[in-house]
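What's in work-v9.csv: CSV, C-alpha atoms and all ligand atoms
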chain,number,residue,atom,x,y,z
A,1,MET,CA,103.0,77.1,75.1
A,2,LYS,CA,101.4,76.5,78.4
A,3,ILE,CA,100.6,78.9,81.2
A,4,VAL,CA,103.3,78.8,84.0
A,5,PHE,CA,102.0,81.8,86.0
A,6,GLU,CA,98.5,83.3,86.2
A,7,LYS,CA,96.5,85.2,88.8
A,8,THR,CA,95.3,82.7,91.4
A,9,ASN,CA,91.6,82.0,92.1
A,10,GLY,CA,92.4,82.9,95.7
A,11,LEU,CA,92.3,86.6,94.5
A,12,THR,CA,89.1,88.3,93.2
A,13,GLU,CA,88.9,90.2,89.9
A,14,VAL,CA,89.0,93.6,91.8
A,15,PRO,CA,92.2,95.5,90.9
A,16,MET,CA,94.0,96.4,94.1
A,17,ARG,CA,94.0,100.1,95.1
A,18,TYR,CA,97.5,100.3,96.6
A,19,CYS,CA,100.2,102.7,95.4
A,20,PRO,CA,102.5,101.5,92.6
A,21,GLY,CA,105.1,99.2,94.0
A,22,CYS,CA,103.4,98.6,97.3
A,23,GLY,CA,104.3,95.3,99.1
A,24,HIS,CA,100.7,94.7,100.2
A,25,GLY,CA,99.8,93.4,96.7
A,26,VAL,CA,102.6,90.8,96.8
A,27,ALA,CA,101.6,89.7,100.3
A,28,HIS,CA,98.0,89.3,99.3
A,29,ARG,CA,98.9,87.2,96.3
A,30,LEU,CA,101.1,84.9,98.4
A,31,VAL,CA,98.3,84.4,101.0
A,32,ALA,CA,95.8,83.7,98.2
A,33,GLU,CA,98.0,81.2,96.5
A,34,VAL,CA,98.7,79.4,99.7
A,35,MET,CA,95.0,79.2,100.5
A,36,GLU,CA,94.3,77.7,97.1
A,37,GLU,CA,97.2,75.3,97.2
A,38,LEU,CA,96.1,74.0,100.6
A,39,GLY,CA,92.4,73.9,99.4
A,40,VAL,CA,91.3,76.1,102.4
A,41,THR,CA,90.1,79.3,100.7
A,42,LYS,CA,86.4,78.6,101.5
A,43,ARG,CA,87.0,78.0,105.2
A,44,THR,CA,89.5,80.8,105.7
A,45,VAL,CA,88.6,84.0,107.5
A,46,ALA,CA,90.9,87.0,107.2
A,47,VAL,CA,90.8,89.5,110.0
A,48,VAL,CA,91.8,92.7,108.2
A,49,PRO,CA,93.3,95.6,110.0
A,50,VAL,CA,93.1,99.4,110.2
A,51,GLY,CA,95.7,100.5,107.8
A,52,CYS,CA,96.2,100.6,104.0
A,53,SER,CA,95.1,97.0,103.8
A,54,VAL,CA,91.7,97.7,105.3
A,55,PHE,CA,90.0,96.6,102.1
A,56,MET,CA,92.0,93.3,101.8
A,57,ASP,CA,88.8,91.3,102.0
A,58,GLU,CA,87.7,92.8,98.6
A,59,TYR,CA,90.8,91.4,97.0
A,60,VAL,CA,91.0,87.8,98.5
A,61,ASN,CA,88.4,85.2,97.9
A,62,CYS,CA,88.1,84.0,101.5
A,63,ASP,CA,85.7,85.4,104.2
A,64,GLY,CA,86.7,88.6,105.9
A,65,ILE,CA,86.0,90.7,109.0
A,66,GLN,CA,87.4,94.2,109.7
A,67,GLY,CA,88.9,94.6,113.2
A,68,ALA,CA,89.5,97.6,115.4
A,69,HIS,CA,93.0,99.0,115.2
A,70,GLY,CA,95.5,96.4,116.7
A,71,ARG,CA,92.8,94.0,117.9
A,72,GLY,CA,93.2,91.4,115.1
A,73,PRO,CA,94.7,88.7,117.3
A,74,ALA,CA,91.8,89.0,119.8
A,75,ILE,CA,89.1,88.8,117.1
A,76,ALA,CA,91.0,85.9,115.5
A,77,THR,CA,91.1,84.2,118.9
A,78,GLY,CA,87.3,84.4,119.2
A,79,ILE,CA,86.6,83.1,115.7
A,80,LYS,CA,89.1,80.2,116.0
A,81,ARG,CA,87.8,79.2,119.4
A,82,SER,CA,84.2,79.3,118.5
A,83,LYS,CA,84.7,77.7,115.0
A,84,PRO,CA,87.8,75.6,115.2
A,85,GLU,CA,87.3,74.2,111.6
A,86,THR,CA,88.0,77.7,110.1
A,87,VAL,CA,91.5,78.8,109.2
A,88,VAL,CA,92.0,82.2,110.7
A,89,ILE,CA,94.5,84.8,109.7
A,90,SER,CA,95.1,88.2,111.2
A,91,TYR,CA,96.7,90.4,108.6
A,92,GLN,CA,98.4,93.4,110.3
A,93,GLY,CA,100.7,96.4,109.6
A,94,ASP,CA,103.5,97.4,112.0
A,95,GLY,CA,101.6,100.3,113.5
A,96,ASP,CA,98.7,97.9,114.1
A,97,LEU,CA,100.6,95.0,115.4
A,98,ALA,CA,103.6,96.5,117.2
A,99,SER,CA,102.2,99.7,118.5
A,100,ILE,CA,98.5,99.9,119.5
A,101,GLY,CA,98.1,96.2,119.2
A,102,MET,CA,101.3,95.1,121.0
A,103,ALA,CA,99.4,93.6,124.0
A,104,GLU,CA,97.1,91.5,121.8
A,105,THR,CA,100.1,90.3,119.7
A,106,ILE,CA,102.2,89.2,122.7
A,107,HIS,CA,99.3,87.6,124.6
A,108,SER,CA,98.0,85.6,121.7
A,109,ALA,CA,101.5,84.3,121.1
A,110,SER,CA,101.9,83.4,124.8
A,111,ARG,CA,98.6,81.6,124.8
A,112,SER,CA,99.8,79.8,121.7
A,113,GLU,CA,96.5,80.7,120.1
A,114,ASN,CA,96.0,78.5,117.0
A,115,ILE,CA,95.9,81.4,114.6
A,116,THR,CA,98.2,82.8,111.9
A,117,ILE,CA,99.4,86.4,111.8
A,118,ILE,CA,100.7,87.9,108.5
A,119,PHE,CA,102.7,90.9,109.7
A,120,ILE,CA,103.6,93.6,107.1
A,121,ASN,CA,106.6,95.5,108.3
A,122,ASN,CA,107.0,98.6,106.2
A,123,ALA,CA,108.7,100.5,109.0
A,124,ILE,CA,106.0,103.2,108.9
A,125,TYR,CA,102.3,104.1,109.4
A,126,GLY,CA,101.3,104.0,105.8
A,127,MET,CA,97.6,104.9,105.7
A,128,THR,CA,97.9,108.0,107.9
A,129,GLY,CA,100.7,109.6,106.0
A,130,GLY,CA,104.1,108.1,107.0
A,131,GLN,CA,104.5,108.6,110.8
A,132,MET,CA,107.2,106.8,112.7
A,133,ALA,CA,106.3,103.2,113.7
A,134,PRO,CA,107.8,101.0,116.4
A,135,THR,CA,109.7,99.3,113.6
A,136,THR,CA,111.1,102.5,111.9
A,137,ILE,CA,114.8,101.9,111.7
A,138,LEU,CA,117.4,104.3,113.2
A,139,GLY,CA,118.1,107.3,111.0
A,140,MET,CA,115.0,106.8,108.9
A,141,ARG,CA,113.1,110.0,108.1
A,142,THR,CA,109.4,110.0,108.7
A,143,THR,CA,106.8,112.8,109.2
A,144,THR,CA,107.2,112.5,113.0
A,145,SER,CA,111.0,112.1,112.9
A,146,PRO,CA,111.9,114.6,110.2
A,147,ALA,CA,115.6,114.5,111.0
A,148,GLY,CA,115.7,110.7,111.2
A,149,ARG,CA,114.8,108.4,114.1
A,150,ARG,CA,117.2,108.8,117.0
A,151,ALA,CA,117.5,106.2,119.8
A,152,GLU,CA,117.9,109.0,122.5
A,153,ILE,CA,114.6,110.5,121.7
A,154,ASN,CA,112.5,107.8,120.0
A,155,GLY,CA,113.9,104.6,121.3
A,156,PHE,CA,115.1,101.6,119.3
A,157,PRO,CA,113.2,99.7,116.6
A,158,ILE,CA,111.4,96.6,117.8
A,159,PRO,CA,112.3,93.3,116.1
A,160,MET,CA,109.0,91.3,116.5
A,161,CYS,CA,110.2,87.9,115.6
A,162,GLU,CA,113.1,88.1,118.0
A,163,LEU,CA,110.9,89.5,120.7
A,164,LEU,CA,108.2,86.8,120.4
A,165,SER,CA,110.7,84.0,120.0
A,166,SER,CA,111.3,83.8,123.8
A,167,LEU,CA,107.7,82.8,124.4
A,168,GLU,CA,107.0,79.1,124.8
A,169,GLY,CA,103.7,79.5,122.9
A,170,ALA,CA,105.2,80.9,119.7
A,171,SER,CA,105.2,77.7,117.6
A,172,TYR,CA,106.3,79.2,114.2
A,173,LEU,CA,108.0,82.5,113.6
A,174,ALA,CA,109.7,83.5,110.4
A,175,ARG,CA,110.8,86.7,108.6
A,176,ALA,CA,111.1,87.2,104.8
A,177,ALA,CA,111.4,90.2,102.5
A,178,LEU,CA,109.4,91.2,99.5
A,179,ASP,CA,112.2,93.0,97.7
A,180,LYS,CA,113.1,90.4,95.0
A,181,PRO,CA,111.8,87.2,93.5
A,182,ALA,CA,114.1,84.9,95.4
A,183,HIS,CA,113.0,86.4,98.7
A,184,ILE,CA,109.3,86.4,97.6
A,185,ILE,CA,109.5,82.7,96.8
A,186,ARG,CA,110.9,82.1,100.3
A,187,ALA,CA,108.2,84.2,101.8
A,188,LYS,CA,105.5,82.0,100.3
A,189,LYS,CA,107.2,78.9,101.8
A,190,TYR,CA,107.0,80.5,105.2
A,191,ILE,CA,103.4,81.5,104.8
A,192,LYS,CA,102.5,77.9,103.7
A,193,LYS,CA,104.3,76.5,106.8
A,194,ALA,CA,102.4,79.0,109.0
A,195,PHE,CA,99.1,77.8,107.6
A,196,GLU,CA,100.1,74.2,108.0
A,197,THR,CA,101.1,74.9,111.6
A,198,GLN,CA,97.5,76.1,112.3
A,199,ILE,CA,95.8,73.3,110.3
A,200,LYS,CA,97.8,70.7,112.3
A,201,GLY,CA,96.7,72.4,115.5
A,202,LYS,CA,100.2,73.3,116.5
A,203,GLY,CA,99.5,76.8,117.8
A,204,PHE,CA,100.6,80.4,117.2
A,205,SER,CA,102.3,81.2,113.9
A,206,MET,CA,103.5,84.5,112.5
A,207,VAL,CA,105.3,85.5,109.3
A,208,GLU,CA,106.8,88.9,109.2
A,209,LEU,CA,107.3,90.4,105.7
A,210,LEU,CA,109.7,93.3,105.1
A,211,SER,CA,107.6,95.3,102.7
A,212,PRO,CA,108.2,98.5,100.6
A,213,CYS,CA,106.0,101.6,101.1
A,214,PRO,CA,107.3,103.8,98.2
A,215,THR,CA,104.8,106.6,98.8
A,216,ASP,CA,105.5,107.3,102.5
A,217,TRP,CA,109.2,106.6,102.1
A,218,GLY,CA,109.3,109.3,99.3
A,219,MET,CA,110.9,106.9,96.9
A,220,THR,CA,110.4,105.2,93.6
A,221,PRO,CA,109.4,101.5,93.8
A,222,LYS,CA,112.9,100.6,92.6
A,223,ASP,CA,114.6,102.6,95.3
A,224,ALA,CA,112.2,101.3,97.9
A,225,VAL,CA,113.1,97.7,97.2
A,226,GLU,CA,116.8,98.7,97.3
A,227,ARG,CA,116.2,100.3,100.7
A,228,ILE,CA,114.9,96.9,102.0
A,229,ARG,CA,118.1,95.3,100.8
A,230,GLN,CA,120.5,98.0,102.1
A,231,GLU,CA,118.8,99.2,105.3
A,232,MET,CA,116.1,96.9,106.5
A,233,ILE,CA,117.5,93.4,106.1
A,234,PRO,CA,120.7,94.3,108.1
A,235,ARG,CA,118.5,95.4,111.0
A,236,TYR,CA,115.8,92.7,110.5
A,237,PRO,CA,117.7,89.5,109.5
A,238,LEU,CA,115.7,87.0,107.4
A,239,GLY,CA,115.0,83.4,108.4
A,240,VAL,CA,113.0,81.1,110.7
A,241,PHE,CA,113.1,82.0,114.4
A,242,ARG,CA,110.9,79.3,115.8
A,243,ASP,CA,109.8,76.0,114.2
A,244,TRP,CA,107.7,73.5,116.2
A,245,GLU,CA,108.6,70.7,113.8
A,246,ALA,CA,112.3,71.2,114.1
A,247,GLU,CA,112.0,71.5,117.9
A,248,GLU,CA,109.9,68.3,118.2
A,249,LYS,CA,112.5,66.5,116.0
A,250,ALA,CA,115.4,67.8,118.1
A,251,LYS,CA,113.6,66.7,121.3
A,252,LYS,CA,113.1,63.2,119.9
A,253,GLU,CA,116.7,62.9,118.9
A,254,GLU,CA,117.8,64.1,122.3
A,255,LYS,CA,115.7,61.4,124.0
A,256,ALA,CA,117.0,58.8,121.6
A,257,ALA,CA,120.6,59.8,122.5
A,258,VAL,CA,120.2,59.2,126.2
B,1,MET,CA,119.1,76.5,74.5
B,2,PRO,CA,117.0,78.5,76.9
B,3,SER,CA,113.3,77.8,76.5
B,4,LYS,CA,110.9,80.2,74.8
B,5,GLY,CA,108.3,82.1,76.7
B,6,LYS,CA,105.9,85.0,76.5
B,7,ILE,CA,104.1,87.3,78.9
B,8,GLU,CA,100.9,89.4,78.8
B,9,VAL,CA,100.3,92.4,81.0
B,10,ASP,CA,96.8,93.2,82.2
B,11,ILE,CA,96.8,97.0,81.6
B,12,VAL,CA,93.9,97.5,83.9
B,13,ARG,CA,95.9,96.1,86.8
B,14,CYS,CA,99.4,97.4,85.9
B,15,LYS,CA,100.5,100.5,87.7
B,16,GLY,CA,103.8,101.1,85.8
B,17,CYS,CA,106.0,100.5,88.9
B,18,GLU,CA,108.8,99.0,86.9
B,19,LEU,CA,109.5,96.2,89.4
B,20,CYS,CA,109.0,93.6,86.6
B,21,ILE,CA,111.6,95.4,84.5
B,22,LEU,CA,114.0,95.2,87.5
B,23,ALA,CA,113.3,91.5,88.0
B,24,CYS,CA,113.7,90.4,84.3
B,25,PRO,CA,117.1,88.9,83.7
B,26,GLN,CA,116.6,89.0,79.9
B,27,ASP,CA,115.9,92.7,79.4
B,28,VAL,CA,112.5,91.9,77.8
B,29,LEU,CA,110.3,94.5,79.4
B,30,ALA,CA,109.9,98.3,79.2
B,31,LEU,CA,107.2,100.8,80.0
B,32,SER,CA,104.9,102.0,77.3
B,33,ASP,CA,104.9,105.7,76.4
B,34,THR,CA,101.2,105.9,76.2
B,35,PHE,CA,99.2,105.7,79.3
B,36,SER,CA,96.4,103.3,80.1
B,37,ALA,CA,92.8,104.0,81.2
B,38,SER,CA,94.0,103.5,84.7
B,39,GLY,CA,96.3,106.4,84.3
B,40,TYR,CA,99.7,104.6,84.3
B,41,TYR,CA,102.3,103.8,81.7
B,42,PRO,CA,102.0,100.0,81.6
B,43,ALA,CA,104.8,97.5,81.0
B,44,TYR,CA,105.1,95.7,77.6
B,45,MET,CA,107.5,93.3,75.9
B,46,LYS,CA,110.1,95.5,74.2
B,47,ASN,CA,112.3,92.5,73.3
B,48,PRO,CA,109.8,89.6,73.1
B,49,GLU,CA,112.3,87.3,71.4
B,50,ASN,CA,114.4,87.2,74.6
B,51,CYS,CA,111.7,85.9,76.9
B,52,THR,CA,112.4,82.5,78.5
B,53,GLY,CA,109.1,82.2,80.4
B,54,CYS,CA,111.0,82.2,83.8
B,55,ALA,CA,108.1,84.1,85.5
B,56,LEU,CA,110.4,86.3,87.7
B,57,CYS,CA,108.6,89.4,86.4
B,58,ALA,CA,105.2,88.0,87.5
B,59,ILE,CA,106.6,87.0,90.9
B,60,ALA,CA,107.9,90.5,91.5
B,61,CYS,CA,104.7,92.2,90.2
B,62,PRO,CA,102.7,93.7,93.2
B,63,ASP,CA,99.5,94.0,91.2
B,64,VAL,CA,99.4,90.4,89.8
B,65,ALA,CA,99.1,91.9,86.3
B,66,ILE,CA,101.3,89.4,84.5
B,67,THR,CA,100.5,86.1,82.9
B,68,VAL,CA,103.4,83.9,81.7
B,69,TRP,CA,103.5,81.2,79.1
B,70,LYS,CA,106.4,78.8,78.5
B,71,GLU,CA,107.3,76.2,75.9
B,72,GLU,CA,106.4,72.9,77.5
B,73,ARG,CA,109.2,71.0,79.1
B,74,LYS,CA,109.3,68.4,81.9
B,75,GLY,CA,109.5,69.5,85.6
B,76,ASP,CA,108.3,73.1,85.3
B,77,LEU,CA,106.7,74.6,88.3
B,78,ILE,CA,103.6,76.7,88.3
B,79,ASN,CA,103.7,80.0,90.3
B,80,GLY,CA,107.1,79.2,91.9
C,1,LIG,C1,91.9,103.4,117.5
C,1,LIG,C2,92.5,104.0,116.3
C,1,LIG,N1,93.7,104.8,116.5
C,1,LIG,C3,94.3,105.4,115.4
C,1,LIG,C4,93.8,105.3,114.2
C,1,LIG,C5,94.4,106.0,113.0
C,1,LIG,N2,95.2,105.0,112.1
C,1,LIG,C6,94.7,104.6,111.0
C,1,LIG,S1,95.8,103.6,110.2
C,1,LIG,C7,96.9,103.8,111.3
C,1,LIG,C8,98.3,103.1,111.2
C,1,LIG,C9,98.5,102.3,110.1
C,1,LIG,O1,99.8,101.8,110.0
C,1,LIG,P1,100.2,100.3,109.8
C,1,LIG,O2,99.5,99.5,110.8
C,1,LIG,O3,101.7,100.2,109.9
C,1,LIG,O4,99.6,99.9,108.4
C,1,LIG,P2,100.0,100.4,106.9
C,1,LIG,O5,99.0,101.5,106.6
C,1,LIG,O6,101.4,100.9,106.9
C,1,LIG,O7,99.8,99.2,106.1
C,1,LIG,C10,96.5,104.6,112.4
C,1,LIG,C11,97.3,105.0,113.5
C,1,LIG,C12,92.6,104.5,114.0
C,1,LIG,N3,92.0,104.3,112.8
C,1,LIG,N4,92.0,103.9,115.1
C,2,LIG,S1,100.9,104.3,101.6
C,2,LIG,FE1,102.5,102.7,101.5
C,2,LIG,S2,101.6,100.9,102.5
C,2,LIG,FE2,99.9,102.3,101.9
C,2,LIG,S3,99.3,101.7,99.8
C,2,LIG,FE3,100.8,103.3,99.6
C,2,LIG,S4,102.8,102.2,99.4
C,2,LIG,FE4,101.3,100.8,100.2
C,3,LIG,S1,105.5,95.0,88.1
C,3,LIG,FE1,103.3,94.7,87.5
C,3,LIG,S2,102.4,96.7,88.0
C,3,LIG,FE2,104.6,97.0,88.0
C,3,LIG,S3,105.1,97.7,85.9
C,3,LIG,FE3,105.4,95.5,85.9
C,3,LIG,S4,103.4,94.7,85.3
C,3,LIG,FE4,103.0,96.8,85.8
C,4,LIG,S1,109.2,85.6,81.9
C,4,LIG,FE1,111.3,85.9,82.6
C,4,LIG,S2,112.4,86.5,80.7
C,4,LIG,FE2,110.1,86.7,80.2
C,4,LIG,S3,109.7,88.8,80.7
C,4,LIG,FE3,109.3,87.7,82.5
C,4,LIG,S4,111.2,87.8,83.7
C,4,LIG,FE4,111.7,88.4,81.6
Could you render the structure from this file as structure tokens?
Ligand SMILES: Cc1ncc(C[n+]2csc(CCOP(=O)(O)OP(=O)(O)O)c2C)c(N)n1
Ligand code: SF4
Ligand code: SF4
Ligand code: SF4
Amino acid sequence: MKIVFEKTNGLTEVPMRYCPGCGHGVAHRLVAEVMEELGVTKRTVAVVPVGCSVFMDEYVNCDGIQGAHGRGPAIATGIKRSKPETVVISYQGDGDLASIGMAETIHSASRSENITIIFINNAIYGMTGGQMAPTTILGMRTTTSPAGRRAEINGFPIPMCELLSSLEGASYLARAALDKPAHIIRAKKYIKKAFETQIKGKGFSMVELLSPCPTDWGMTPKDAVERIRQEMIPRYPLGVFRDWEAEEKAKKEEKAAV
Amino acid sequence: MPSKGKIEVDIVRCKGCELCILACPQDVLALSDTFSASGYYPAYMKNPENCTGCALCAIACPDVAITVWKEERKGDLING
């Protein structure tokens, strides 16, 4: 028999210290496999966030730098502009990307900065004990919305792919879920396309991953992936929101038609 | 005939989350009733004869604890 699946060399031998069933592990694997498949591991720099994934650089075999909370896109901008040959990713949670770091997120997209953001949307602040995030869905109980998030008091959840898709500079935007193998396989395709967007110099790319946080959701890992299916995907539909390649093709066809 | 496969769980990495069990279409996997040095009940092959080497368990595993082997046939993909 031959091996059809094994741990990629894009990951180190260090076992990940996430909770059982945490989506960060799947996201790390997908990023690591894409780096290996594109042969860019040694020239990739991961800007890792404040949040549960703060030690990501111990688990992936590329270079790493730890940013201040929410500032990943600004740091990634600096690295990419001064060393354009590097592949730069900013890995961020939803507290990091959509709350304290919202300005950096929006402006790096509007500048079409040639970086790739991997955005883990687990609808909660994981590391600090499960507070409400900008992405917490209505009705979801968190430590700061114990009766469930209510629009009248807490506002509505922010769909980041939809929000950024109106910006000219957003070259590639896609959302996938990490709840089941079919969706995880799709997530990897999106991540690969985002890396290729950057390698081809096409500008800003972001892949949003709906990701389980069983611990702060107060659920078993099985119930947590079920929640993604039942509650998150209906609010955060999966798919590609912007794709420079499809848009270039459509423009060409339009020209050819006149 | 479905192809034959087998898996191996790295019990240092496995955290007993059961997501591989949920993903397996062949009811191959279960959690052990003795815990590992890491303090979890790791997954193991309860029904090894059913395994087709489809790797869905490994794709679902958040801790990259599973290695999958499959009988050689043409056109198989590695890591999905
Ligand atoms: C400037 C600053 N403000 C606040 C914090 C506290 N803090 C640490 S992690 C975190 C939120 C993490 O949530 P998220 O970004 O969603 O990532 P997750 O842990 O869920 O992966 C906060 C507010 C901090 N470390 N630095
Ligand atoms: S608290 Fe949530 S996001 Fe953080 S490691 Fe645990 S499951 Fe993962
Ligand atoms: S999915 Fe991975 S970590 Fe979870 S029980 Fe199965 S082998 Fe262990
Ligand atoms: S390879 Fe497929 S059949 Fe075998 S244990 Fe994994 S999911 Fe089940």
What residues in chain A lie within 6 Å of chain B, counting all atoms listed in the file, written as a PyMOL selection string? chain A and resi 1-6+15+20-21+25-26+181
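Reported to one decimal place, the separation of CA of Asn154 (chain A) from CA of Phe119 (chain A) is 22.1 Å.
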Between CA of Leu173 (chain A) and CA of Val225 (chain A), distance in Å (one decimal):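 According to the coordinates, CA of Leu173 (chain A) and CA of Val225 (chain A) are separated by 22.9 Å.
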Please write as a ChimeraX atom specification the list of polymer residues whose atoms come within 8 Å of (112.0, 91.1, 99.2), counting all atoms listed in the file and keeping to the coordinates of the file. /A:176-184,210-211,225,228-229
Selection file, C-alpha atoms, as a JSON list (two decimals), in the frame of the given file:
[["chain", "number", "residue", "atom", "x", "y", "z"],
["A", 176, "ALA", "CA", 111.10, 87.20, 104.80],
["A", 177, "ALA", "CA", 111.40, 90.20, 102.50],
["A", 178, "LEU", "CA", 109.40, 91.20, 99.50],
["A", 179, "ASP", "CA", 112.20, 93.00, 97.70],
["A", 180, "LYS", "CA", 113.10, 90.40, 95.00],
["A", 181, "PRO", "CA", 111.80, 87.20, 93.50],
["A", 182, "ALA", "CA", 114.10, 84.90, 95.40],
["A", 183, "HIS", "CA", 113.00, 86.40, 98.70],
["A", 184, "ILE", "CA", 109.30, 86.40, 97.60],
["A", 210, "LEU", "CA", 109.70, 93.30, 105.10],
["A", 211, "SER", "CA", 107.60, 95.30, 102.70],
["A", 225, "VAL", "CA", 113.10, 97.70, 97.20],
["A", 228, "ILE", "CA", 114.90, 96.90, 102.00],
["A", 229, "ARG", "CA", 118.10, 95.30, 100.80]]
How close does each residue of chain A get to ligand LIG 2 (chain C), giving the shortest atom pair and distance in Å to one decimal for every residue with an atom at most 7 Å away, counting only C-alpha atoms and all ligand atoms, sorted by chain and residue number, as a tab-separated table?
residue	atom	partner	partner_atom	distance
A:Tyr18	CA	C:LIG2	S3	3.9
A:Cys19	CA	C:LIG2	FE3	4.3
A:Pro20	CA	C:LIG2	S4	6.8
A:Gly21	CA	C:LIG2	S4	6.6
A:Cys22	CA	C:LIG2	FE4	4.2
A:Gly23	CA	C:LIG2	FE4	6.4
A:His24	CA	C:LIG2	FE4	6.1
A:Cys52	CA	C:LIG2	FE2	4.6
A:Asn122	CA	C:LIG2	S2	6.9
A:Gly126	CA	C:LIG2	S1	4.2
A:Met127	CA	C:LIG2	FE2	5.1
A:Gly129	CA	C:LIG2	S1	6.9
A:Pro212	CA	C:LIG2	S4	6.7
A:Cys213	CA	C:LIG2	S4	3.7
A:Pro214	CA	C:LIG2	S4	4.9
A:Thr215	CA	C:LIG2	S4	4.9
A:Asp216	CA	C:LIG2	S1	5.6
Atom O5 of ligand LIG 1 (chain C) and CA of Glu196 (chain A) are how many Å apart? 27.4 Å
Neighbours of ligand LIG 1 (chain C) within 9 Å, counting all atoms listed in the file, as a VMD selection string? chain A and resid 24 49 to 54 68 to 70 92 to 100 120 to 131 133 to 135 213 216
Using only C-alpha atoms and all ligand atoms, the residue out of B:Ser36, B:Ile11, B:Ala43, B:Val28 with shortest distance to ligand LIG 4 (chain C) is B:Val28
So that I can see what lies close to Val60 (chain A), please list as a list of chain:residue names the residues with an atom at most 8 Å from it, counting all atoms listed in the file and leaving out residues fewer than 6 positions away in the same chain. A:Gly10, A:Leu11, A:Thr12, A:His28, A:Ala32
From the set B:Ser32, B:Ser3, B:Gln26, B:Thr52, which residue has the shortest atom-to-atom contact distance to ligand LIG 3 (chain C), counting all atoms listed in the file?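 Closest to ligand LIG 3 (chain C), using all atoms listed in the file: B:Ser32.
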Using only C-alpha atoms and all ligand atoms for the distances, tell me which of B:Leu31, B:Cys51, B:Val9, B:Met45 is nearest to ligand LIG 4 (chain C).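 So, comparing all the options, the nearest one is B:Cys51.
Proximity to ligand LIG 3 (chain C) was assessed for A:Val45, A:Thr220, A:Arg141, A:Phe156 counting all atoms listed in the file; the smallest distance is recorded for A:Thr220.
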Identify which of the residues B:Pro2, B:Pro25, B:Pro42, B:Pro48 lies closest to ligand LIG 3 (chain C), counting all atoms listed in the file when measuring atom-to-atom distances.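 Among the listed residues, B:Pro42 lies closest to ligand LIG 3 (chain C).
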Kindly write region 46-58 of chain B with N, CA and C atoms to a file, as a PDB file, in the first residue's frame.
ATOM      1  N   LYS B  46     -11.367   0.499  14.865  1.00  0.00           N
ATOM      2  CA  LYS B  46     -12.211  -0.513  15.500  1.00  0.00           C
ATOM      3  C   LYS B  46     -12.583  -1.596  14.484  1.00  0.00           C
ATOM      4  N   ASN B  47     -12.857  -1.178  13.255  1.00  0.00           N
ATOM      5  CA  ASN B  47     -13.205  -2.121  12.178  1.00  0.00           C
ATOM      6  C   ASN B  47     -12.227  -1.965  11.014  1.00  0.00           C
ATOM      7  N   PRO B  48     -10.976  -2.404  11.184  1.00  0.00           N
ATOM      8  CA  PRO B  48      -9.947  -2.130  10.167  1.00  0.00           C
ATOM      9  C   PRO B  48     -10.299  -2.697   8.796  1.00  0.00           C
ATOM     10  N   GLU B  49     -11.061  -3.788   8.752  1.00  0.00           N
ATOM     11  CA  GLU B  49     -11.355  -4.425   7.461  1.00  0.00           C
ATOM     12  C   GLU B  49     -12.238  -3.551   6.574  1.00  0.00           C
ATOM     13  N   ASN B  50     -12.927  -2.555   7.169  1.00  0.00           N
ATOM     14  CA  ASN B  50     -13.813  -1.693   6.370  1.00  0.00           C
ATOM     15  C   ASN B  50     -13.098  -0.530   5.696  1.00  0.00           C
ATOM     16  N   CYS B  51     -11.839  -0.273   6.067  1.00  0.00           N
ATOM     17  CA  CYS B  51     -11.176   0.958   5.610  1.00  0.00           C
ATOM     18  C   CYS B  51     -10.890   0.903   4.108  1.00  0.00           C
ATOM     19  N   THR B  52     -11.270   1.985   3.403  1.00  0.00           N
ATOM     20  CA  THR B  52     -11.046   2.070   1.957  1.00  0.00           C
ATOM     21  C   THR B  52      -9.873   2.992   1.605  1.00  0.00           C
ATOM     22  N   GLY B  53      -9.268   3.620   2.610  1.00  0.00           N
ATOM     23  CA  GLY B  53      -8.155   4.541   2.338  1.00  0.00           C
ATOM     24  C   GLY B  53      -8.603   5.837   1.702  1.00  0.00           C
ATOM     25  N   CYS B  54      -9.852   6.272   1.979  1.00  0.00           N
ATOM     26  CA  CYS B  54     -10.393   7.479   1.338  1.00  0.00           C
ATOM     27  C   CYS B  54      -9.798   8.767   1.909  1.00  0.00           C
ATOM     28  N   ALA B  55      -9.226   8.707   3.090  1.00  0.00           N
ATOM     29  CA  ALA B  55      -8.531   9.836   3.748  1.00  0.00           C
ATOM     30  C   ALA B  55      -9.451  10.940   4.274  1.00  0.00           C
ATOM     31  N   LEU B  56     -10.767  10.703   4.268  1.00  0.00           N
ATOM     32  CA  LEU B  56     -11.664  11.752   4.782  1.00  0.00           C
ATOM     33  C   LEU B  56     -11.405  12.034   6.267  1.00  0.00           C
ATOM     34  N   CYS B  57     -11.044  10.973   7.013  1.00  0.00           N
ATOM     35  CA  CYS B  57     -10.734  11.152   8.434  1.00  0.00           C
ATOM     36  C   CYS B  57      -9.551  12.102   8.610  1.00  0.00           C
ATOM     37  N   ALA B  58      -8.522  11.916   7.784  1.00  0.00           N
ATOM     38  CA  ALA B  58      -7.309  12.733   7.894  1.00  0.00           C
ATOM     39  C   ALA B  58      -7.577  14.177   7.496  1.00  0.00           C
TER      40      ALA B  58
END
